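See structure below.
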Amino acid sequence: MKKLIQFCLIFTVVISLGIMQEKPKNLQVLDLESVRDLIKYMKTIQKNLGVKCTFCHDINDKSIDTEHKIIAREMMKMQIDLNKSFFAQIGDSLLKHENTLQISCWTCHRGSNEPQLVRPKKN
């Protein structure tokens, strides 16, 4: 019985690692090499916008295009275009080091789901 449990545990880990290395499907804007890269990218966006997955995704069917997902795609295209035009030698800011000089979601959102258009007032 102990060997069966060990086998099941090892099998689960191996399968999970294989899935994490697969190329993500149904990406319309991003060109990422693995599910692991996609999860890392999405976690960065979550932090930059201060939101959870459900802000853009229908958890029951992640392929559904919600209003926020459509907006997010347009914002990603804008970010990619700006970075290619003005920071082409660096690459995508969400995939690089935090101190990379580029446009990212954080540039405008500052941890909020709406862009922060006005500088906070000092007290």
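FYI, nothing fancy with the structure tokens labels: chains A, B, ... in order, residues from 1 per chain, ligands from 1 as they appear.
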Proximity of range 25-46 of chain A to range 51-59 of chain A: per-residue shortest pair, 9 Å limit, only C-alpha atoms, as JSON lines:
```
{"residue": "A:Met42", "atom": "CA", "partner": "A:Cys53", "partner_atom": "CA", "distance": 8.2}
{"residue": "A:Lys43", "atom": "CA", "partner": "A:Cys53", "partner_atom": "CA", "distance": 8.7}
{"residue": "A:Ile45", "atom": "CA", "partner": "A:Val51", "partner_atom": "CA", "distance": 8.2}
{"residue": "A:Gln46", "atom": "CA", "partner": "A:Val51", "partner_atom": "CA", "distance": 5.1}
```
(request) Quick one: everything within 7 Å of Arg110 in chain A, counting only C-alpha atoms, minus sequence neighbours fewer than 3 positions away in the same chain. Send it as a PyMOL selection string. (result) chain A and resi 48-49+106-107+116
